[in-house]
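Pasting my_file.txt here (compact mmCIF, C-alpha atoms and all ligand atoms):
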```txt
# COMPACT_ATOMS: atom_id res chain seq x y z
CA MET A 629 78.80 -14.45 -18.74
CA LYS A 630 77.43 -17.29 -16.74
CA GLU A 631 76.57 -14.93 -13.92
CA ALA A 632 74.65 -12.56 -16.22
CA LYS A 633 72.67 -15.48 -17.64
CA LYS A 634 71.86 -16.61 -14.16
CA ALA A 635 70.70 -13.15 -13.14
CA LEU A 636 68.56 -12.87 -16.27
CA CYS A 637 67.10 -16.26 -15.57
CA ILE A 638 66.22 -15.27 -12.01
CA THR A 639 64.72 -11.97 -13.16
CA ILE A 640 62.56 -13.71 -15.77
CA SER A 641 61.31 -16.39 -13.42
CA LEU A 642 60.65 -13.83 -10.70
CA GLY A 643 58.65 -11.76 -13.19
CA ALA A 644 56.68 -14.80 -14.24
CA VAL A 645 55.88 -15.66 -10.63
CA LEU A 646 54.78 -12.09 -9.93
CA ALA A 647 52.60 -11.96 -13.04
CA GLY A 648 51.05 -15.27 -12.07
CA ALA A 649 50.32 -14.00 -8.60
CA ALA A 650 48.71 -10.86 -9.99
CA VAL A 651 46.50 -12.88 -12.32
CA THR A 652 45.50 -15.19 -9.47
CA ALA A 653 44.68 -12.22 -7.25
CA VAL A 654 42.51 -10.63 -9.94
CA LEU A 655 40.73 -13.91 -10.60
CA LEU A 656 40.22 -14.52 -6.91
CA TRP A 657 38.89 -11.04 -6.44
CA LYS A 658 36.53 -11.44 -9.39
CA PHE A 659 35.38 -14.75 -7.98
CA MET A 660 34.71 -13.28 -4.54
CA GLU A 661 32.86 -10.35 -6.02
CA ASN A 662 30.84 -12.75 -8.12
CA LYS A 663 30.10 -15.03 -5.22
CA CYS A 664 28.66 -12.11 -3.27
CA SER A 665 26.43 -10.84 -6.02
CA VAL A 666 25.17 -14.25 -7.12
CA SER A 667 24.32 -16.01 -3.92
CA GLY A 668 25.62 -14.13 -0.94
CA ILE A 669 25.70 -11.04 1.19
CA GLU A 670 28.79 -9.10 1.92
CA CYS A 671 29.87 -8.63 5.52
CA GLY A 672 29.87 -4.85 5.82
CA SER A 673 32.33 -3.82 3.18
CA SER A 674 34.97 -6.31 4.18
CA GLY A 675 34.77 -8.30 0.97
CA THR A 676 33.87 -11.48 2.83
CA CYS A 677 30.73 -13.10 1.46
CA ILE A 678 28.31 -15.31 3.29
CA SER A 679 25.25 -17.20 2.14
CA PRO A 680 21.91 -15.40 2.82
CA SER A 681 20.78 -18.40 4.86
CA HIS A 682 23.50 -17.57 7.39
CA TRP A 683 22.19 -14.05 7.88
CA CYS A 684 20.55 -13.82 11.30
CA ASP A 685 20.92 -17.55 11.92
CA GLY A 686 22.55 -17.17 15.30
CA VAL A 687 26.02 -18.19 14.19
CA LEU A 688 28.69 -15.60 13.60
CA HIS A 689 30.07 -15.80 10.09
CA CYS A 690 31.23 -12.28 9.41
CA PRO A 691 34.58 -11.16 10.81
CA SER A 692 32.91 -8.36 12.80
CA GLY A 693 29.58 -10.06 13.33
CA GLU A 694 27.51 -7.98 10.90
CA ASP A 695 25.49 -11.07 9.98
CA GLU A 696 23.98 -11.29 13.47
CA ASN A 697 23.59 -7.61 14.09
CA ARG A 698 20.48 -5.50 13.57
CA CYS A 699 18.25 -8.35 12.55
CA VAL A 700 14.76 -6.84 12.50
CA ARG A 701 11.64 -7.60 10.58
CA LEU A 702 7.93 -6.82 10.53
CA TYR A 703 5.68 -9.81 11.01
CA GLY A 704 2.12 -10.44 9.85
CA PRO A 705 -0.65 -8.11 8.68
CA ASN A 706 -0.32 -5.98 11.86
CA PHE A 707 3.34 -5.12 11.30
CA ILE A 708 4.60 -6.57 14.58
CA LEU A 709 8.23 -5.61 15.08
CA GLN A 710 10.42 -8.63 15.73
CA VAL A 711 14.09 -8.80 16.63
CA TYR A 712 16.20 -11.85 15.98
CA SER A 713 17.88 -13.41 18.93
CA ALA A 714 21.14 -15.01 17.90
CA GLN A 715 21.24 -16.68 21.29
CA ARG A 716 17.87 -18.40 20.92
CA LYS A 717 17.89 -18.64 17.14
CA SER A 718 14.39 -17.25 16.84
CA TRP A 719 12.43 -14.05 16.26
CA HIS A 720 10.79 -12.23 19.16
CA PRO A 721 8.28 -9.38 19.33
CA VAL A 722 9.36 -6.25 21.16
CA CYS A 723 7.44 -5.02 24.23
CA GLN A 724 5.83 -1.61 23.92
CA ASP A 725 7.14 -0.84 27.45
CA ASP A 726 9.43 2.21 27.29
CA TRP A 727 9.38 2.15 23.50
CA SER A 728 9.40 5.46 21.64
CA ASP A 729 9.21 6.70 18.07
CA SER A 730 12.94 7.33 17.95
CA TYR A 731 13.59 3.58 18.31
CA GLY A 732 10.99 3.00 15.61
CA ARG A 733 12.85 5.38 13.30
CA ALA A 734 16.09 3.55 13.97
CA ALA A 735 14.51 0.16 13.24
CA CYS A 736 13.01 1.47 9.97
CA GLN A 737 16.42 2.71 8.93
CA ASP A 738 17.98 -0.67 9.73
CA MET A 739 15.34 -2.33 7.57
CA GLY A 740 16.27 -0.20 4.56
CA TYR A 741 13.93 2.80 4.70
CA ARG A 742 16.15 5.77 4.28
CA ASN A 743 14.31 8.49 6.17
CA SER A 744 10.87 7.08 6.27
CA PHE A 745 8.83 6.42 9.38
CA TYR A 746 5.05 6.37 9.61
CA SER A 747 3.83 5.13 12.97
CA SER A 748 4.72 3.05 15.98
CA GLN A 749 2.11 1.89 18.45
CA GLY A 750 1.46 -0.76 21.05
CA ILE A 751 -0.97 -3.52 20.09
CA VAL A 752 -2.07 -6.73 21.74
CA ASP A 753 0.20 -9.50 20.49
CA ASP A 754 -1.63 -12.00 18.30
CA SER A 755 1.38 -14.05 17.18
CA GLY A 756 1.20 -16.33 20.21
CA ALA A 757 4.76 -15.51 21.22
CA SER A 758 5.90 -16.75 24.62
CA SER A 759 9.08 -14.78 24.76
CA PHE A 760 9.60 -11.10 24.14
CA MET A 761 12.35 -8.54 23.90
CA LYS A 762 12.36 -5.65 26.32
CA LEU A 763 14.23 -2.39 26.38
CA ASN A 764 16.68 -1.80 29.14
CA THR A 765 16.32 1.95 29.42
CA SER A 766 19.05 2.28 32.00
CA ALA A 767 21.60 0.87 29.59
CA GLY A 768 23.62 3.86 28.59
CA ASN A 769 24.45 2.44 25.19
CA THR A 770 22.65 4.13 22.36
CA ASP A 771 22.48 1.03 20.15
CA LEU A 772 18.90 -0.23 20.24
CA TYR A 773 19.93 -3.85 19.79
CA LYS A 774 22.34 -3.79 22.71
CA LYS A 775 19.56 -2.49 24.94
CA LEU A 776 17.26 -5.42 24.35
CA TYR A 777 16.97 -8.37 26.69
CA HIS A 778 14.69 -11.40 26.88
CA SER A 779 11.53 -11.35 28.92
CA ASP A 780 8.64 -13.79 29.30
CA ILE A 781 6.07 -11.02 29.55
CA CYS A 782 5.51 -7.40 28.60
CA ALA A 783 4.32 -5.25 31.51
CA SER A 784 2.20 -3.20 29.10
CA LYS A 785 0.73 -6.44 27.68
CA THR A 786 1.30 -4.88 24.29
CA VAL A 787 3.96 -5.23 21.61
CA VAL A 788 5.36 -2.78 19.06
CA SER A 789 3.52 -2.47 15.76
CA LEU A 790 5.79 -0.53 13.42
CA ARG A 791 4.98 1.04 10.07
CA CYS A 792 7.81 2.64 8.17
CA ILE A 793 5.72 4.05 5.34
CA GLU A 794 2.05 4.79 4.82
CA CYS A 795 1.31 2.16 2.22
CA GLY A 796 -1.52 0.14 0.78
CA VAL A 797 -4.17 2.86 0.78
CA ALA A 798 -6.17 3.27 -2.40
CA GLY A 799 -8.96 5.62 -3.47
CA LYS A 800 -12.55 4.88 -2.58
CA THR A 801 -14.01 4.51 -6.04
CA MET A 802 -16.05 1.44 -6.83
CA ARG A 803 -13.99 -1.28 -8.33
CA GLN A 804 -15.75 -3.08 -11.13
CA SER A 805 -15.44 -6.37 -12.09
CA ARG A 806 -10.16 -5.43 -18.75
CA ILE A 807 -6.14 -6.89 -18.81
CA VAL A 808 -8.17 -9.78 -20.32
CA GLY A 809 -11.72 -9.85 -18.97
CA GLY A 810 -11.32 -6.75 -16.76
CA SER A 811 -12.45 -3.12 -16.81
CA SER A 812 -10.81 0.29 -16.95
CA ALA A 813 -9.52 1.84 -13.72
CA SER A 814 -10.47 5.18 -12.16
CA PRO A 815 -7.91 7.71 -10.86
CA GLY A 816 -6.45 6.57 -7.53
CA ASP A 817 -7.73 3.01 -7.71
CA TRP A 818 -4.25 1.52 -8.10
CA PRO A 819 -2.00 4.44 -7.12
CA TRP A 820 1.11 2.22 -6.91
CA GLN A 821 0.83 1.15 -10.54
CA VAL A 822 3.50 2.62 -12.84
CA SER A 823 4.13 2.32 -16.55
CA LEU A 824 7.73 1.64 -17.56
CA HIS A 825 8.68 3.13 -20.93
CA VAL A 826 11.55 2.52 -23.32
CA GLN A 827 11.89 5.10 -26.13
CA GLY A 828 8.40 6.43 -25.61
CA THR A 829 6.70 3.05 -25.57
CA HIS A 830 5.11 1.15 -22.72
CA VAL A 831 7.09 -2.03 -22.10
CA CYS A 832 6.24 -3.24 -18.62
CA GLY A 833 4.36 -2.41 -15.46
CA GLY A 834 5.75 -1.85 -11.99
CA SER A 835 4.70 -1.07 -8.41
CA ILE A 836 5.76 1.80 -6.16
CA ILE A 837 7.01 0.63 -2.74
CA THR A 838 8.82 3.80 -1.53
CA PRO A 839 9.27 7.28 -3.07
CA GLU A 840 12.43 5.93 -4.74
CA TRP A 841 11.88 2.25 -5.34
CA ILE A 842 9.83 0.42 -7.97
CA VAL A 843 9.28 -3.34 -8.06
CA THR A 844 9.08 -4.94 -11.52
CA ALA A 845 9.91 -8.24 -13.21
CA ALA A 846 13.50 -9.32 -13.96
CA HIS A 847 12.47 -10.43 -17.47
CA CYS A 848 11.55 -6.79 -18.21
CA VAL A 849 15.12 -5.65 -17.56
CA GLU A 850 17.13 -8.33 -19.36
CA GLU A 851 20.21 -7.11 -21.21
CA PRO A 852 20.55 -4.54 -22.67
CA LEU A 853 17.55 -3.13 -20.78
CA ASN A 854 19.34 -3.57 -17.45
CA ASN A 855 20.88 -0.19 -18.28
CA PRO A 856 18.85 2.42 -16.36
CA ARG A 857 19.29 4.98 -19.18
CA TYR A 858 16.70 3.20 -21.30
CA TRP A 859 13.86 3.66 -18.84
CA THR A 860 11.28 6.33 -18.01
CA VAL A 861 8.73 5.78 -15.25
CA PHE A 862 5.21 7.22 -15.35
CA ALA A 863 3.19 7.37 -12.14
CA GLY A 864 -0.37 8.63 -11.58
CA VAL A 865 -1.35 8.63 -15.26
CA LEU A 866 -4.13 6.31 -16.43
CA ARG A 867 -3.82 6.70 -20.19
CA GLN A 868 -0.80 5.84 -22.28
CA SER A 869 -1.74 8.65 -24.69
CA PHE A 870 -1.18 11.12 -21.80
CA MET A 871 2.37 9.96 -21.15
CA PHE A 872 4.76 12.10 -23.11
CA TYR A 873 8.28 11.39 -24.14
CA GLY A 874 10.73 13.34 -22.01
CA HIS A 875 8.38 13.65 -19.04
CA GLY A 876 8.27 10.98 -16.40
CA TYR A 877 10.96 9.90 -13.96
CA ARG A 878 14.49 8.82 -14.81
CA VAL A 879 15.91 5.64 -13.38
CA GLY A 880 19.23 5.66 -11.54
CA LYS A 881 19.68 1.96 -10.89
CA VAL A 882 18.28 -1.33 -12.12
CA ILE A 883 18.80 -4.34 -9.86
CA SER A 884 17.74 -7.71 -11.16
CA HIS A 885 17.46 -10.68 -8.80
CA PRO A 886 20.87 -12.43 -8.90
CA SER A 887 19.21 -15.86 -9.14
CA TYR A 888 16.79 -14.91 -11.92
CA ASP A 889 16.66 -17.65 -14.55
CA SER A 890 15.54 -16.39 -17.96
CA LYS A 891 14.64 -19.90 -19.15
CA THR A 892 12.45 -20.97 -16.26
CA LYS A 893 11.51 -17.42 -15.09
CA ASN A 894 12.44 -18.47 -11.59
CA ASN A 895 13.05 -15.44 -9.31
CA ASP A 896 11.49 -13.05 -11.83
CA ILE A 897 11.79 -9.86 -9.80
CA ALA A 898 13.80 -6.65 -10.16
CA LEU A 899 14.06 -3.24 -8.55
CA MET A 900 14.42 0.19 -10.08
CA LYS A 901 15.74 3.10 -8.08
CA LEU A 902 14.53 6.46 -9.33
CA GLN A 903 16.95 9.36 -9.79
CA THR A 904 14.52 11.70 -8.04
CA PRO A 905 11.91 10.61 -5.50
CA LEU A 906 8.22 10.57 -6.38
CA THR A 907 5.86 13.03 -4.74
CA PHE A 908 2.95 11.12 -3.30
CA SER A 909 -0.62 12.34 -3.98
CA ASP A 910 -4.11 10.93 -4.34
CA LYS A 911 -2.97 9.28 -7.54
CA VAL A 912 0.57 8.28 -6.56
CA LYS A 913 1.05 6.11 -3.47
CA PRO A 914 3.03 3.05 -2.43
CA VAL A 915 1.70 -0.47 -1.92
CA CYS A 916 2.81 -2.47 1.13
CA LEU A 917 5.46 -5.16 0.82
CA PRO A 918 4.13 -8.38 2.30
CA ASN A 919 5.49 -9.34 5.71
CA PRO A 920 6.30 -12.92 6.63
CA GLY A 921 3.39 -14.55 8.41
CA MET A 922 0.66 -12.97 6.31
CA MET A 923 -1.55 -16.08 6.40
CA LEU A 924 -3.21 -15.73 3.01
CA GLU A 925 -6.26 -17.86 2.23
CA PRO A 926 -5.74 -20.62 -0.36
CA ASN A 927 -8.14 -18.88 -2.77
CA GLN A 928 -7.53 -15.32 -1.56
CA SER A 929 -9.04 -12.68 -3.85
CA CYS A 930 -6.35 -10.60 -5.54
CA TRP A 931 -6.33 -7.86 -8.17
CA ILE A 932 -4.11 -7.43 -11.18
CA SER A 933 -3.72 -4.19 -13.14
CA GLY A 934 -1.86 -3.00 -16.21
CA TRP A 935 -1.76 -1.65 -19.75
CA GLY A 936 -1.23 -5.08 -21.24
CA ALA A 937 -3.14 -6.58 -24.15
CA THR A 938 -6.86 -7.13 -23.60
CA HIS A 939 -6.77 -10.36 -25.60
CA GLU A 940 -4.10 -12.84 -26.62
CA LYS A 941 -1.78 -11.43 -29.35
CA GLY A 942 -3.49 -8.04 -28.86
CA LYS A 943 -1.69 -4.73 -28.55
CA THR A 944 -1.00 -2.63 -25.45
CA SER A 945 -4.12 -0.99 -24.02
CA ASP A 946 -4.35 2.83 -23.87
CA GLU A 947 -6.26 2.67 -20.61
CA LEU A 948 -5.21 1.08 -17.34
CA ASN A 949 -7.29 -2.02 -16.71
CA ALA A 950 -7.78 -4.16 -13.65
CA VAL A 951 -9.54 -7.34 -12.66
CA MET A 952 -10.00 -9.65 -9.69
CA VAL A 953 -8.28 -13.03 -9.76
CA PRO A 954 -8.19 -15.63 -6.98
CA LEU A 955 -4.92 -17.24 -5.94
CA ILE A 956 -4.48 -20.84 -7.06
CA GLU A 957 -2.79 -23.28 -4.71
CA PRO A 958 0.68 -24.42 -5.85
CA TRP A 959 -0.22 -28.13 -6.00
CA ARG A 960 -3.16 -27.36 -8.25
CA CYS A 961 -1.14 -25.04 -10.49
CA ASN A 962 1.61 -27.65 -10.77
CA SER A 963 -0.75 -30.48 -11.68
CA LYS A 964 -0.32 -32.37 -14.95
CA TYR A 965 -3.17 -30.55 -16.67
CA VAL A 966 -1.99 -27.12 -15.66
CA TYR A 967 1.73 -26.26 -15.49
CA ASN A 968 3.08 -29.71 -14.73
CA SER A 969 5.69 -28.77 -12.09
CA LEU A 970 6.92 -25.57 -13.79
CA VAL A 971 5.82 -23.47 -10.84
CA THR A 972 8.58 -23.02 -8.23
CA PRO A 973 8.14 -21.76 -4.65
CA ALA A 974 9.30 -18.35 -5.93
CA MET A 975 6.17 -18.19 -8.11
CA ILE A 976 2.50 -17.89 -7.33
CA CYS A 977 -0.45 -18.65 -9.62
CA ALA A 978 -3.62 -16.60 -9.85
CA GLY A 979 -6.61 -16.66 -12.14
CA TYR A 980 -9.29 -19.10 -13.20
CA LEU A 981 -8.69 -22.58 -14.52
CA ARG A 982 -11.75 -22.10 -16.73
CA GLY A 983 -9.91 -19.21 -18.43
CA GLY A 984 -11.38 -15.87 -19.59
CA THR A 985 -9.65 -13.55 -17.10
CA ASP A 986 -5.89 -13.03 -16.95
CA SER A 987 -2.94 -10.72 -17.29
CA CYS A 988 -1.35 -10.62 -20.74
CA GLN A 989 1.61 -9.25 -22.74
CA GLY A 990 2.51 -5.78 -21.43
CA ASP A 991 1.24 -6.42 -17.91
CA SER A 992 4.56 -7.94 -16.87
CA GLY A 993 6.23 -6.49 -13.81
CA GLY A 994 2.92 -5.02 -12.67
CA PRO A 995 1.17 -5.76 -9.38
CA LEU A 996 -0.87 -8.64 -8.04
CA VAL A 997 -2.32 -7.18 -4.86
CA THR A 998 -4.67 -8.31 -2.12
CA LEU A 999 -6.65 -6.48 0.53
CA LYS A 1000 -6.08 -7.74 4.06
CA SER A 1001 -6.65 -5.89 7.33
CA ARG A 1002 -7.87 -2.98 5.18
CA ILE A 1003 -4.45 -2.62 3.56
CA TRP A 1004 -3.35 -3.44 0.02
CA TRP A 1005 -0.33 -5.76 -0.17
CA LEU A 1006 1.95 -6.55 -3.11
CA ILE A 1007 1.68 -10.32 -3.30
CA GLY A 1008 3.05 -10.83 -6.81
CA ASP A 1009 4.62 -9.25 -9.90
CA THR A 1010 3.28 -10.34 -13.28
CA SER A 1011 5.70 -12.85 -14.75
CA TRP A 1012 4.47 -15.42 -17.28
CA GLY A 1013 1.71 -17.63 -18.62
CA SER A 1014 1.09 -19.78 -21.65
CA GLY A 1015 -0.94 -17.56 -23.97
CA CYS A 1016 -3.49 -15.38 -22.16
CA ALA A 1017 -6.72 -16.30 -20.37
CA LYS A 1018 -6.71 -19.87 -21.72
CA ALA A 1019 -8.28 -22.69 -19.76
CA ASN A 1020 -5.81 -24.41 -17.42
CA ARG A 1021 -3.18 -21.76 -18.20
CA PRO A 1022 -3.49 -19.19 -15.41
CA GLY A 1023 -1.15 -16.27 -14.87
CA VAL A 1024 2.07 -16.89 -12.95
CA TYR A 1025 3.49 -14.16 -10.73
CA GLY A 1026 6.71 -13.68 -8.83
CA ASN A 1027 6.01 -14.64 -5.19
CA VAL A 1028 6.93 -11.31 -3.59
CA THR A 1029 6.68 -12.64 -0.02
CA VAL A 1030 9.77 -14.77 -0.60
CA PHE A 1031 11.65 -11.71 -1.93
CA THR A 1032 10.92 -9.15 0.80
CA ASP A 1033 14.23 -9.95 2.51
CA TRP A 1034 16.12 -9.44 -0.72
CA ILE A 1035 14.21 -6.22 -1.45
CA TYR A 1036 14.95 -4.71 1.98
CA ARG A 1037 18.59 -5.75 1.66
CA GLN A 1038 18.88 -3.93 -1.69
CA MET A 1039 17.20 -0.86 -0.25
CA ARG A 1040 19.59 -0.94 2.68
CA ALA A 1041 22.67 -1.42 0.52
CA ASN A 1042 21.68 1.27 -2.00
CA SER A 1043 20.14 3.92 0.22
N1 LIG A 1101 5.37 -12.04 -19.96
C1 LIG A 1101 4.27 -11.14 -20.18
C2 LIG A 1101 4.79 -9.70 -20.35
O1 LIG A 1101 5.95 -9.53 -20.66
C3 LIG A 1101 3.19 -11.29 -19.15
C4 LIG A 1101 2.52 -12.59 -19.32
C5 LIG A 1101 1.41 -12.85 -18.42
N2 LIG A 1101 0.69 -13.90 -19.06
C6 LIG A 1101 -0.38 -14.46 -18.55
N3 LIG A 1101 -0.99 -15.34 -19.27
N4 LIG A 1101 -0.79 -14.13 -17.41
O2 LIG A 1101 4.06 -8.75 -20.34
```

Could you spell out this file's structure in structure tokens?
Amino acid sequence: MKEAKKALCITISLGAVLAGAAVTAVLLWKFMENKCSVSGIECGSSGTCISPSHWCDGVLHCPSGEDENRCVRLYGPNFILQVYSAQRKSWHPVCQDDWSDSYGRAACQDMGYRNSFYSSQGIVDDSGASSFMKLNTSAGNTDLYKKLYHSDICASKTVVSLRCIECGVAGKTMRQSRIVGGSSASPGDWPWQVSLHVQGTHVCGGSIITPEWIVTAAHCVEEPLNNPRYWTVFAGVLRQSFMFYGHGYRVGKVISHPSYDSKTKNNDIALMKLQTPLTFSDKVKPVCLPNPGMMLEPNQSCWISGWGATHEKGKTSDELNAVMVPLIEPWRCNSKYVYNSLVTPAMICAGYLRGGTDSCQGDSGGPLVTLKSRIWWLIGDTSWGSGCAKANRPGVYGNVTVFTDWIYRQMRANS
């Protein structure tokens, strides 16, 4: 009798311990998964998460070193290819010497472009770099990054300028100078502009960056609209009355920025992946994602476009409108009389402090673009503002330059 009780007791306690362990494991797993999606990047598919600031910082954090592998980026308005040197903890341009398109294709793929490659050419380096990366062609290894070594000069005196997609080209029609205070657009003026519909109604704008990816605002896809089934994307159509229910592109994935804050609108950016890729034409083309080192002027002229209201509390416009707005420096936009410190580094202000010209309800998620080096760049996504076109209440946009890393990472992880 005593023995049976003892056995029962042991069985029960063993069961309890096992159940506890299982619960802990599940919680731990949930926590790790959470940690990765909120503030980190996963090392390959190992389940280990590291902070994005440790990615390409020269210190190995991942068990198999994925965080210091394949660190490439495009720098400045001339798309200079740079490779990160873990050893020197800095980015270096790549010499054109012995470079070929096939390496360019590989680098584009590593950046997150699935099968897209546009051009690779040698240009005179204007970044002022004093150290370069060179290809060791005799190295038998096929991995581009293992073939690179440091060099103080490039024999060709030129560095690699790499473009993964033909972007930022618009039609040649005259742009006039509605949105509030703007004018209607002509076909092909803003070929990257899309209209995002829910149940046959325009809800937000967006910008095409690849045949499959659309940039929009995170506040447009708040629950339950983070479900891709709700959305239909219309590209290359200027009038809302020409967009018909059932036509348009279906969305396969909606990815909202993990640090988006619905109260403050900080990190107001999201991506949509289409179920079927867009076919580019005169009216449907991508805009360029801004590279680091773009050197924008403090009052750089930018353009906003969308089907938003043409006056405060107005209804959605049938026609696509656009207007020029200058950037406003952060210190000015954050001053007491304007937004009194509500503007974070992940935001960018544009418009006129005198009022009269602005984006408005329904323009959200749509583009704020600028022309530099004869290319159109996506500088912002329409996010918020107090009223529309009021004095000292300019439009606030997501600062796309600070999100390019995140965007490429999502493209890479979901290609
Ligand atoms: N949040 C608005 C939307 O959902 C866009 C607001 C832009 N406001 C402004 N004053 N610029 O469409």

Exercise. Tell me which of A:Pro914, A:Gly833, A:Gly942, A:Pro954 sits closest to ligand LIG 1101 (chain A), counting only C-alpha atoms and all ligand atoms.
Key: A:Gly833

Self-check item: All residues having an atom within 7 Å of ligand LIG 1101 (chain A) (all atoms listed in the file) as a list in words
Solution: Cys832, Cys848, Gly936, Asp986, Ser987, Cys988, Gln989, Gly990, Asp991, Ser992, Thr1010, Ser1011, Trp1012, Gly1013, Ser1014, Gly1015, Cys1016, Ala1017, Arg1021, Pro1022, Gly1023 and Val1024 of chain A

Please tabulate, as a tab-separated table, the residues of segment 929-1029 of chain A that come within 12 Å of segment 867-880 of chain A, each with its closest pair of atoms and the distance in Å to one decimal, counting all atoms listed in the file and ordering rows by chain, then residue number upward.
```
residue	atom	partner	partner_atom	distance
A:Gly934	CA	A:Arg867	CA	10.7
A:Trp935	CA	A:Gln868	CA	8.0
A:Gly936	CA	A:Gln868	CA	11.0
A:Thr944	CA	A:Gln868	CA	9.0
A:Ser945	CA	A:Gln868	CA	7.8
A:Asp946	CA	A:Gln868	CA	4.9
A:Glu947	CA	A:Arg867	CA	4.7
A:Leu948	CA	A:Arg867	CA	6.5
A:Asn949	CA	A:Arg867	CA	10.0
```

Mind checking which residues fall within 12 Å of Val951 of chain A, counting only C-alpha atoms, ignoring those fewer than 3 positions away in the same chain, and posting them as a short mmCIF file (atom, residue, chain, number, x, y, z; two decimals) with C-alpha atoms, in the frame of the given file?
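Writing the result to around.cif gives the following:
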```cif
data_model
loop_
_atom_site.label_atom_id
_atom_site.label_comp_id
_atom_site.auth_asym_id
_atom_site.auth_seq_id
_atom_site.Cartn_x
_atom_site.Cartn_y
_atom_site.Cartn_z
CA ARG A 803 -13.99 -1.28 -8.33
CA GLN A 804 -15.75 -3.08 -11.13
CA SER A 805 -15.44 -6.37 -12.09
CA ARG A 806 -10.16 -5.43 -18.75
CA ILE A 807 -6.14 -6.89 -18.81
CA VAL A 808 -8.17 -9.78 -20.32
CA GLY A 809 -11.72 -9.85 -18.97
CA GLY A 810 -11.32 -6.75 -16.76
CA SER A 811 -12.45 -3.12 -16.81
CA SER A 812 -10.81 0.29 -16.95
CA ALA A 813 -9.52 1.84 -13.72
CA ASP A 817 -7.73 3.01 -7.71
CA TRP A 818 -4.25 1.52 -8.10
CA SER A 929 -9.04 -12.68 -3.85
CA CYS A 930 -6.35 -10.60 -5.54
CA TRP A 931 -6.33 -7.86 -8.17
CA ILE A 932 -4.11 -7.43 -11.18
CA SER A 933 -3.72 -4.19 -13.14
CA GLY A 934 -1.86 -3.00 -16.21
CA TRP A 935 -1.76 -1.65 -19.75
CA THR A 938 -6.86 -7.13 -23.60
CA LEU A 948 -5.21 1.08 -17.34
CA PRO A 954 -8.19 -15.63 -6.98
CA ALA A 978 -3.62 -16.60 -9.85
CA GLY A 979 -6.61 -16.66 -12.14
CA TYR A 980 -9.29 -19.10 -13.20
CA GLY A 984 -11.38 -15.87 -19.59
CA THR A 985 -9.65 -13.55 -17.10
CA ASP A 986 -5.89 -13.03 -16.95
CA SER A 987 -2.94 -10.72 -17.29
CA CYS A 988 -1.35 -10.62 -20.74
CA PRO A 995 1.17 -5.76 -9.38
CA LEU A 996 -0.87 -8.64 -8.04
CA VAL A 997 -2.32 -7.18 -4.86
CA THR A 998 -4.67 -8.31 -2.12
#
```

Quiz item: From the set A:Ser728, A:Thr972, A:Thr838, A:Ser758, which residue has the shortest atom-to-atom contact distance to Asn743 of chain A, counting all atoms listed in the file?
Solution: A:Thr838

Quiz item: In Å, with one decimal, what is the gap from atom CA of Ser909 of chain A to atom CA of Gly816 of chain A?
Solution: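 So the two atoms, atom CA of Ser909 of chain A and atom CA of Gly816 of chain A, lie 8.9 Å apart.
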
Quiz item: By how many Å are atom CA of Met900 of chain A and atom CA of Gly834 of chain A apart?
Solution: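 Here the two named atoms are 9.1 Å from each other.
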
Practice problem: Could you please determine the separation between atom CA of Arg1037 of chain A and atom CA of Leu763 of chain A in Å, to one decimal place? | Solution: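 Result for atom CA of Arg1037 of chain A versus atom CA of Leu763 of chain A: 25.3 Å, one decimal.
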
Quiz prompt | Exercise: Ile793 of chain A partners within 10 Å, only C-alpha atoms, chain neighbours under 6 positions left out, as a list in words | solution =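 Close residues of Ile793 of chain A: Cys736, Tyr741, Asn743, Ser744, Phe745, Tyr746, Ser747, Ile837, Thr838, Pro839, Pro914, Val915 and Cys916 of chain A.
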
Exercise. Select all residues near (-0.5, -12.6, 19.4) (cut-off 10 Å, inclusive, file coordinates), counting all atoms listed in the file, and output them as a PyMOL selection string.
Key: chain A and resi 708+721+751-758+786-787

Quiz prompt | Test item: residues at most 12 Å from Ser759 of chain A, all atoms listed in the file, excluding those fewer than 6 positions along its chain, as a PyMOL selection string | solution = chain A and resi 710-713+716+718-723+753+777-782+787

Quiz item: Of the candidates A:Glu840, A:Trp1004, A:Trp859, A:Glu850, which shows the shortest atom-to-atom distance to Gln827 of chain A, using all atoms listed in the file?
Solution: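 Comparing A:Glu840, A:Trp1004, A:Trp859, A:Glu850 against Gln827 of chain A, the winner is A:Trp859.
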
Selecting C-alpha atoms, how would segment 843-860 of chain A from this structure be written as an mmCIF file, in the first residue's frame?
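The result, written out as selection.cif:
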```cif
data_model
loop_
_atom_site.group_PDB
_atom_site.id
_atom_site.type_symbol
_atom_site.label_atom_id
_atom_site.label_comp_id
_atom_site.auth_asym_id
_atom_site.auth_seq_id
_atom_site.Cartn_x
_atom_site.Cartn_y
_atom_site.Cartn_z
ATOM 1 C CA VAL A 843 5.414 50.491 -49.916
ATOM 2 C CA THR A 844 2.558 51.998 -47.885
ATOM 3 C CA ALA A 845 1.911 53.308 -44.373
ATOM 4 C CA ALA A 846 1.588 50.999 -41.347
ATOM 5 C CA HIS A 847 -1.476 52.938 -40.152
ATOM 6 C CA CYS A 848 -3.258 51.863 -43.362
ATOM 7 C CA VAL A 849 -2.883 48.189 -42.460
ATOM 8 C CA GLU A 850 -3.788 48.199 -38.770
ATOM 9 C CA GLU A 851 -5.836 45.242 -37.573
ATOM 10 C CA PRO A 852 -7.961 43.791 -39.056
ATOM 11 C CA LEU A 853 -6.633 45.272 -42.312
ATOM 12 C CA ASN A 854 -3.268 43.548 -41.814
ATOM 13 C CA ASN A 855 -5.002 40.567 -43.435
ATOM 14 C CA PRO A 856 -3.964 40.594 -47.116
ATOM 15 C CA ARG A 857 -7.391 39.259 -48.195
ATOM 16 C CA TYR A 858 -8.966 42.663 -47.682
ATOM 17 C CA TRP A 859 -6.809 44.435 -50.233
ATOM 18 C CA THR A 860 -6.844 45.046 -53.981
#
```
